[in-house]
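**Student:** Next up, upload_26.json (JSON, C-alpha atoms).
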```json
[["chain", "number", "residue", "atom", "x", "y", "z"],
["A", 256, "MET", "CA", 36.75, 114.18, 209.20],
["A", 257, "SER", "CA", 37.33, 112.94, 212.73],
["A", 258, "PRO", "CA", 34.79, 115.36, 214.32],
["A", 259, "ARG", "CA", 32.10, 113.90, 212.10],
["A", 260, "ALA", "CA", 33.21, 110.39, 213.02],
["A", 261, "ALA", "CA", 33.10, 111.25, 216.70],
["A", 262, "CYS", "CA", 29.54, 112.58, 216.39],
["A", 263, "ARG", "CA", 28.54, 109.47, 214.49],
["A", 264, "LEU", "CA", 29.90, 107.25, 217.24],
["A", 265, "ALA", "CA", 27.93, 109.20, 219.85],
["A", 266, "THR", "CA", 24.73, 108.63, 217.88],
["A", 267, "LEU", "CA", 25.55, 104.93, 217.77],
["A", 268, "GLY", "CA", 25.56, 104.77, 221.57],
["A", 269, "PHE", "CA", 29.22, 105.18, 222.48],
["A", 270, "THR", "CA", 29.34, 107.09, 225.75],
["A", 271, "GLN", "CA", 33.01, 108.12, 225.96],
["A", 272, "VAL", "CA", 34.05, 109.47, 222.59],
["A", 273, "TYR", "CA", 37.28, 111.42, 222.11],
["A", 274, "ASP", "CA", 38.57, 113.12, 219.00],
["A", 275, "TYR", "CA", 42.34, 113.35, 218.61],
["A", 276, "VAL", "CA", 41.88, 116.47, 216.52],
["A", 277, "PRO", "CA", 45.54, 117.12, 215.54],
["A", 278, "GLY", "CA", 45.48, 113.64, 214.03],
["A", 279, "LYS", "CA", 48.05, 111.38, 212.47],
["A", 280, "VAL", "CA", 50.23, 114.24, 211.28],
["A", 281, "ASP", "CA", 50.65, 115.40, 214.88],
["A", 282, "TRP", "CA", 51.61, 111.90, 215.99],
["A", 283, "LEU", "CA", 54.19, 111.66, 213.21],
["A", 284, "ALA", "CA", 55.54, 115.11, 214.00],
["A", 285, "ARG", "CA", 56.28, 113.91, 217.53],
["A", 286, "ASN", "CA", 58.49, 111.14, 216.17],
["A", 287, "GLN", "CA", 56.20, 108.45, 217.49],
["A", 288, "PRO", "CA", 56.22, 104.93, 216.04],
["A", 289, "VAL", "CA", 53.70, 103.85, 213.43],
["A", 290, "GLU", "CA", 52.57, 100.60, 211.86],
["A", 291, "GLY", "CA", 51.84, 99.85, 208.21],
["A", 292, "THR", "CA", 53.45, 99.21, 204.87],
["A", 293, "ALA", "CA", 55.15, 102.62, 204.83],
["A", 294, "ALA", "CA", 56.21, 102.53, 208.45],
["A", 295, "ASP", "CA", 59.83, 101.92, 207.48],
["A", 296, "THR", "CA", 60.07, 104.90, 205.14],
["A", 297, "PRO", "CA", 63.28, 106.74, 206.06],
["A", 298, "THR", "CA", 62.55, 109.96, 207.91],
["A", 299, "ILE", "CA", 64.86, 112.50, 209.45],
["A", 300, "GLY", "CA", 63.49, 111.49, 212.86],
["A", 301, "ARG", "CA", 65.52, 108.32, 212.58],
["A", 302, "HIS", "CA", 68.75, 110.23, 212.15],
["A", 303, "LEU", "CA", 68.55, 112.76, 214.92],
["A", 304, "ARG", "CA", 71.63, 113.83, 216.79],
["A", 305, "GLN", "CA", 70.75, 114.66, 220.35],
["A", 306, "GLU", "CA", 74.14, 115.64, 221.67],
["A", 307, "VAL", "CA", 73.79, 119.28, 220.62],
["A", 308, "THR", "CA", 74.82, 121.81, 223.24],
["A", 309, "THR", "CA", 71.92, 123.65, 224.83],
["A", 310, "ALA", "CA", 71.82, 126.79, 226.91],
["A", 311, "ARG", "CA", 69.31, 128.72, 229.00],
["A", 312, "PRO", "CA", 68.56, 132.34, 228.14],
["A", 313, "ASP", "CA", 69.78, 133.58, 231.52],
["A", 314, "GLU", "CA", 73.20, 131.97, 231.26],
["A", 315, "ILE", "CA", 76.16, 134.10, 230.30],
["A", 316, "ILE", "CA", 78.01, 133.60, 227.05],
["A", 317, "SER", "CA", 81.27, 132.47, 228.66],
["A", 318, "GLN", "CA", 79.53, 129.48, 230.25],
["A", 319, "VAL", "CA", 78.07, 128.36, 226.96],
["A", 320, "ARG", "CA", 81.26, 129.04, 225.05],
["A", 321, "ALA", "CA", 83.09, 126.54, 227.24],
["A", 322, "ARG", "CA", 80.50, 123.84, 226.67],
["A", 323, "VAL", "CA", 80.45, 124.37, 222.93],
["A", 324, "ALA", "CA", 84.24, 124.16, 222.83],
["A", 325, "ARG", "CA", 83.98, 120.67, 224.31],
["A", 326, "SER", "CA", 81.27, 119.57, 221.89],
["A", 327, "ALA", "CA", 81.30, 118.31, 218.32],
["A", 328, "HIS", "CA", 79.44, 121.37, 217.03],
["A", 329, "ARG", "CA", 80.14, 125.09, 216.76],
["A", 330, "PHE", "CA", 76.75, 126.32, 217.93],
["A", 331, "ALA", "CA", 74.33, 126.04, 220.82],
["A", 332, "LEU", "CA", 70.56, 125.94, 220.94],
["A", 333, "VAL", "CA", 68.73, 127.98, 223.54],
["A", 334, "THR", "CA", 65.86, 126.23, 225.30],
["A", 335, "THR", "CA", 63.62, 126.52, 228.31],
["A", 336, "ALA", "CA", 63.91, 124.05, 231.17],
["A", 337, "ASP", "CA", 61.32, 121.85, 229.45],
["A", 338, "ASP", "CA", 63.18, 121.90, 226.13],
["A", 339, "ILE", "CA", 61.11, 124.45, 224.23],
["A", 340, "LEU", "CA", 63.38, 125.94, 221.57],
["A", 341, "LEU", "CA", 63.87, 129.68, 221.98],
["A", 342, "GLY", "CA", 66.87, 130.48, 219.84],
["A", 343, "ARG", "CA", 70.30, 129.69, 218.53],
["A", 344, "LEU", "CA", 73.82, 130.89, 219.23],
["A", 345, "ARG", "CA", 75.92, 130.63, 216.12],
["A", 346, "ALA", "CA", 79.68, 130.39, 216.26],
["A", 347, "ALA", "CA", 80.09, 134.07, 215.43],
["A", 348, "ALA", "CA", 77.90, 135.11, 218.34],
["A", 349, "LEU", "CA", 79.81, 132.85, 220.67],
["A", 350, "ASP", "CA", 83.18, 134.07, 219.47],
["A", 351, "ASP", "CA", 82.57, 137.79, 219.11],
["A", 352, "THR", "CA", 80.18, 138.65, 221.92],
["A", 353, "ASP", "CA", 81.04, 140.12, 225.30],
["A", 354, "PRO", "CA", 81.39, 136.96, 227.41],
["A", 355, "THR", "CA", 79.45, 138.53, 230.28],
["A", 356, "GLN", "CA", 76.32, 139.08, 228.21],
["A", 357, "ALA", "CA", 73.26, 136.91, 228.78],
["A", 358, "VAL", "CA", 72.48, 134.31, 226.15],
["A", 359, "GLY", "CA", 68.95, 135.65, 225.72],
["A", 360, "GLU", "CA", 70.30, 139.06, 224.73],
["A", 361, "VAL", "CA", 72.40, 137.84, 221.84],
["A", 362, "MET", "CA", 70.72, 134.69, 220.60],
["A", 363, "GLU", "CA", 69.08, 134.49, 217.20],
["A", 364, "ALA", "CA", 65.42, 134.09, 218.18],
["A", 365, "GLY", "CA", 63.05, 131.65, 216.54],
["A", 366, "PRO", "CA", 65.32, 129.63, 214.25],
["A", 367, "SER", "CA", 63.66, 127.54, 211.56],
["A", 368, "THR", "CA", 62.85, 123.96, 212.43],
["A", 369, "LEU", "CA", 61.81, 120.77, 210.69],
["A", 370, "ARG", "CA", 59.46, 118.02, 211.86],
["A", 371, "PRO", "CA", 60.85, 114.51, 212.33],
["A", 372, "HIS", "CA", 58.52, 112.82, 209.86],
["A", 373, "GLU", "CA", 59.98, 114.69, 206.88],
["A", 374, "PRO", "CA", 61.51, 112.30, 204.30],
["A", 375, "ALA", "CA", 65.24, 111.86, 204.77],
["A", 376, "ALA", "CA", 66.20, 111.92, 201.09],
["A", 377, "ALA", "CA", 64.32, 115.15, 200.31],
["A", 378, "ILE", "CA", 65.71, 116.91, 203.36],
["A", 379, "LYS", "CA", 69.24, 115.81, 202.53],
["A", 380, "ASP", "CA", 68.89, 117.31, 199.04],
["A", 381, "ARG", "CA", 67.40, 120.51, 200.44],
["A", 382, "LEU", "CA", 70.17, 120.98, 202.99],
["A", 383, "ILE", "CA", 72.90, 120.31, 200.45],
["A", 384, "ASN", "CA", 71.32, 122.63, 197.88],
["A", 385, "LYS", "CA", 71.14, 125.41, 200.44],
["A", 386, "GLY", "CA", 74.64, 124.80, 201.69],
["A", 387, "LEU", "CA", 73.43, 124.00, 205.19],
["A", 388, "THR", "CA", 75.38, 121.65, 207.43],
["A", 389, "TYR", "CA", 72.50, 120.88, 209.78],
["A", 390, "ALA", "CA", 68.86, 121.59, 210.56],
["A", 391, "ILE", "CA", 67.04, 121.79, 213.87],
["A", 392, "VAL", "CA", 64.21, 119.35, 214.49],
["A", 393, "ALA", "CA", 61.38, 120.13, 216.89],
["A", 394, "ASP", "CA", 57.95, 118.72, 217.69],
["A", 395, "PRO", "CA", 54.64, 120.58, 217.19],
["A", 396, "ASP", "CA", 54.92, 122.12, 220.66],
["A", 397, "GLY", "CA", 58.31, 123.60, 219.80],
["A", 398, "ARG", "CA", 60.18, 121.08, 221.91],
["A", 399, "LEU", "CA", 63.71, 120.42, 220.68],
["A", 400, "LEU", "CA", 64.19, 116.87, 219.43],
["A", 401, "GLY", "CA", 67.70, 117.23, 218.03],
["A", 402, "THR", "CA", 69.55, 118.17, 214.88],
["A", 403, "VAL", "CA", 69.89, 116.44, 211.56],
["A", 404, "HIS", "CA", 72.94, 116.54, 209.31],
["A", 405, "PRO", "CA", 73.21, 115.78, 205.58],
["A", 406, "SER", "CA", 76.04, 113.34, 206.15],
["A", 407, "ASP", "CA", 73.74, 111.23, 208.32],
["A", 408, "LEU", "CA", 70.91, 111.01, 205.79],
["B", 54, "MET", "CA", 32.46, 114.19, 222.17],
["B", 55, "THR", "CA", 35.65, 115.53, 223.70],
["B", 56, "PRO", "CA", 38.55, 116.92, 221.65],
["B", 57, "VAL", "CA", 41.92, 115.78, 222.99],
["B", 58, "LEU", "CA", 45.50, 116.72, 222.34],
["B", 59, "TYR", "CA", 48.54, 114.49, 222.46],
["B", 60, "PRO", "CA", 49.09, 114.33, 226.26],
["B", 61, "ALA", "CA", 45.48, 113.30, 226.91],
["B", 62, "LEU", "CA", 45.65, 110.86, 224.03],
["B", 63, "ARG", "CA", 48.64, 109.13, 225.64],
["B", 64, "ARG", "CA", 46.81, 108.86, 228.96],
["B", 65, "LEU", "CA", 43.73, 107.41, 227.30],
["B", 66, "LEU", "CA", 45.77, 104.87, 225.36],
["B", 67, "ASP", "CA", 47.67, 103.90, 228.50],
["B", 68, "ASP", "CA", 44.29, 103.27, 230.14],
["B", 69, "GLY", "CA", 43.22, 100.97, 227.31],
["B", 70, "ALA", "CA", 41.09, 103.22, 225.13],
["B", 71, "GLN", "CA", 39.97, 101.94, 221.74],
["B", 72, "LEU", "CA", 41.56, 103.72, 218.80],
["B", 73, "ILE", "CA", 39.95, 104.17, 215.39],
["B", 74, "GLU", "CA", 41.47, 105.65, 212.25],
["B", 75, "VAL", "CA", 38.63, 106.90, 210.06],
["B", 76, "LEU", "CA", 40.70, 107.57, 206.94],
["B", 77, "PRO", "CA", 40.27, 105.41, 203.82],
["B", 78, "VAL", "CA", 41.77, 101.95, 203.96],
["B", 79, "GLY", "CA", 44.70, 102.82, 201.69],
["B", 80, "GLU", "CA", 45.97, 105.51, 204.02],
["B", 81, "TYR", "CA", 45.49, 103.26, 207.03],
["B", 82, "THR", "CA", 47.35, 100.41, 205.34],
["B", 83, "GLU", "CA", 50.31, 102.66, 204.62],
["B", 84, "MET", "CA", 50.65, 104.09, 208.08],
["B", 85, "HIS", "CA", 48.59, 104.16, 211.27],
["B", 86, "LEU", "CA", 49.02, 104.60, 214.97],
["B", 87, "PRO", "CA", 49.99, 101.40, 216.78],
["B", 88, "GLY", "CA", 46.94, 99.41, 217.79],
["B", 89, "ALA", "CA", 44.47, 101.44, 215.74],
["B", 90, "VAL", "CA", 41.68, 99.74, 213.84],
["B", 91, "ASN", "CA", 40.41, 101.14, 210.56],
["B", 92, "ILE", "CA", 36.79, 102.11, 210.10],
["B", 93, "PRO", "CA", 36.60, 104.65, 207.27],
["B", 94, "LEU", "CA", 34.13, 107.45, 207.94],
["B", 95, "LYS", "CA", 31.94, 106.41, 205.01],
["B", 96, "THR", "CA", 31.49, 102.95, 206.52],
["B", 97, "LEU", "CA", 31.03, 103.96, 210.16],
["B", 98, "ASP", "CA", 27.81, 102.35, 211.36],
["B", 99, "ALA", "CA", 26.43, 99.89, 213.88],
["B", 100, "THR", "CA", 27.72, 96.93, 211.90],
["B", 101, "THR", "CA", 31.31, 98.09, 211.46],
["B", 102, "THR", "CA", 31.56, 99.16, 215.10],
["B", 103, "ALA", "CA", 29.98, 96.01, 216.46],
["B", 104, "GLY", "CA", 33.35, 94.74, 217.64],
["B", 105, "LEU", "CA", 33.93, 97.76, 219.87],
["B", 106, "HIS", "CA", 32.80, 98.23, 223.46],
["B", 107, "LEU", "CA", 30.12, 100.93, 223.76],
["B", 108, "ALA", "CA", 31.00, 101.86, 227.34],
["B", 109, "ARG", "CA", 34.78, 101.99, 226.97],
["B", 110, "PRO", "CA", 36.56, 105.13, 225.82],
["B", 111, "VAL", "CA", 36.97, 105.32, 222.08],
["B", 112, "ILE", "CA", 39.27, 107.73, 220.26],
["B", 113, "VAL", "CA", 38.93, 108.66, 216.61],
["B", 114, "TYR", "CA", 41.50, 110.38, 214.45],
["B", 115, "CYS", "CA", 42.11, 111.25, 210.82],
["B", 116, "TRP", "CA", 45.04, 113.06, 209.20],
["B", 117, "ASP", "CA", 44.64, 116.48, 210.79],
["B", 118, "GLY", "CA", 41.10, 116.78, 212.11],
["B", 119, "LEU", "CA", 39.74, 118.47, 208.98]]
```
Starting from the file, give its structure as structure tokens.

**Tutor:**
Amino acid sequence: MSPRAACRLATLGFTQVYDYVPGKVDWLARNQPVEGTAADTPTIGRHLRQEVTTARPDEIISQVRARVARSAHRFALVTTADDILLGRLRAAALDDTDPTQAVGEVMEAGPSTLRPHEPAAAIKDRLINKGLTYAIVADPDGRLLGTVHPSDL
Amino acid sequence: MTPVLYPALRRLLDDGAQLIEVLPVGEYTEMHLPGAVNIPLKTLDATTTAGLHLARPVIVYCWDGL
């Protein structure tokens, strides 16, 4: 729809016309604010925990293990320097792996993620029904935004 | 017409670009980007755009570009 609108504007004499092609859904998926009657609808983006332990793929397990031990969670998320999510280290991997191994060698690659504009109530039900204690939330570029936990929703 | 992604959108908005949601009024009323005006595609003409500046950047968006 927006490409047609952009062409229409050009025919009307507008000289600098831009089309935000990814649209409103992209904006919402980046956890950006909105206006309108439904702007206050509870979403998981409002309940993000951002204190999750992160690690780089070239770190060794022992370094990450120490940070996770000091954190509130039993896992770590593996990211690039600019926060792109690469993988996850579950508790079992942290506990049972040779501590000299690199994170990138043992991480679970490509964990599932949610977008922050998903409705809080539906996600809470889904997590509980699946017996999950948290979900990872990322933006459309794969950038880690945080985690969401049923008890927070 | 120039397609833009989120980073360019932010720069344009920071520079004062005009922002138009072209979805129907009901969808706009429920939720829209801050500062956007609503001109549904079916009503987009010289009259409904008369309040906009022809020479200033203008950005359009819908739900997902389709």

**Student:** Find the residues of chain A in contact range of chain B, meaning any atom within 9 Å when counting only C-alpha atoms, and list them as an mmCIF file with C-alpha atoms, in the frame of the given file.

**Tutor:**
```cif
data_model
loop_
_atom_site.group_PDB
_atom_site.id
_atom_site.type_symbol
_atom_site.label_atom_id
_atom_site.label_comp_id
_atom_site.auth_asym_id
_atom_site.auth_seq_id
_atom_site.Cartn_x
_atom_site.Cartn_y
_atom_site.Cartn_z
ATOM 1 C CA MET A 256 36.750 114.180 209.200
ATOM 2 C CA SER A 257 37.330 112.940 212.730
ATOM 3 C CA PRO A 258 34.790 115.360 214.320
ATOM 4 C CA ARG A 259 32.100 113.900 212.100
ATOM 5 C CA ALA A 260 33.210 110.390 213.020
ATOM 6 C CA ALA A 261 33.100 111.250 216.700
ATOM 7 C CA CYS A 262 29.540 112.580 216.390
ATOM 8 C CA ARG A 263 28.540 109.470 214.490
ATOM 9 C CA LEU A 264 29.900 107.250 217.240
ATOM 10 C CA ALA A 265 27.930 109.200 219.850
ATOM 11 C CA LEU A 267 25.550 104.930 217.770
ATOM 12 C CA GLY A 268 25.560 104.770 221.570
ATOM 13 C CA PHE A 269 29.220 105.180 222.480
ATOM 14 C CA THR A 270 29.340 107.090 225.750
ATOM 15 C CA GLN A 271 33.010 108.120 225.960
ATOM 16 C CA VAL A 272 34.050 109.470 222.590
ATOM 17 C CA TYR A 273 37.280 111.420 222.110
ATOM 18 C CA ASP A 274 38.570 113.120 219.000
ATOM 19 C CA TYR A 275 42.340 113.350 218.610
ATOM 20 C CA VAL A 276 41.880 116.470 216.520
ATOM 21 C CA PRO A 277 45.540 117.120 215.540
ATOM 22 C CA GLY A 278 45.480 113.640 214.030
ATOM 23 C CA LYS A 279 48.050 111.380 212.470
ATOM 24 C CA VAL A 280 50.230 114.240 211.280
ATOM 25 C CA ASP A 281 50.650 115.400 214.880
ATOM 26 C CA TRP A 282 51.610 111.900 215.990
ATOM 27 C CA LEU A 283 54.190 111.660 213.210
ATOM 28 C CA GLN A 287 56.200 108.450 217.490
ATOM 29 C CA PRO A 288 56.220 104.930 216.040
ATOM 30 C CA VAL A 289 53.700 103.850 213.430
ATOM 31 C CA GLU A 290 52.570 100.600 211.860
ATOM 32 C CA GLY A 291 51.840 99.850 208.210
ATOM 33 C CA THR A 292 53.450 99.210 204.870
ATOM 34 C CA ALA A 293 55.150 102.620 204.830
ATOM 35 C CA ALA A 294 56.210 102.530 208.450
#
```

**Student:** State, in Å with one decimal place, the distance from atom CA of A:Leu369 to atom CA of A:Asp338.

**Tutor:** 15.5 Å

**Student:** Can you measure atom CA of A:Ser406 to atom CA of A:Tyr389 for me? One decimal in Å is fine.

**Tutor:**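 Pair atom CA of A:Ser406 / atom CA of A:Tyr389 returns 9.1 Å.
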
**Student:** Atom CA of A:Leu382 to atom CA of A:His404: how many Å, to one decimal?

**Tutor:**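 Rounded to one decimal, the two atoms are 8.2 Å apart.
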
**Student:** Could you give me, as a VMD selection string, the residues within 12 Å of A:Leu387, counting only C-alpha atoms and dropping anything in the same chain fewer than 5 positions from it?

**Tutor:** chain A and resid 378 to 382 402 to 406

**Student:** Go through stretch 297-366 of chain A residue by residue and, counting only C-alpha atoms, keep those with an atom at most 9 Å from stretch 392-396 of chain A; for each kept residue give the shortest atom pair and its distance in Å to one decimal, ordered by chain and increasing number, as JSON lines.

**Tutor:**
```
{"residue": "A:Ile299", "atom": "CA", "partner": "A:Val392", "partner_atom": "CA", "distance": 8.5}
{"residue": "A:Gly300", "atom": "CA", "partner": "A:Val392", "partner_atom": "CA", "distance": 8.1}
{"residue": "A:Leu303", "atom": "CA", "partner": "A:Val392", "partner_atom": "CA", "distance": 7.9}
{"residue": "A:Ile339", "atom": "CA", "partner": "A:Asp396", "partner_atom": "CA", "distance": 7.5}
{"residue": "A:Leu340", "atom": "CA", "partner": "A:Ala393", "partner_atom": "CA", "distance": 7.7}
```

**Student:** Out of A:Asp337, A:Glu373, A:Asp407, A:Glu314, which residue has the shortest atom-to-atom distance to A:Gly359 when counting all atoms listed in the file?

**Tutor:**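 Under the stated criterion, the closest residue is A:Glu314.
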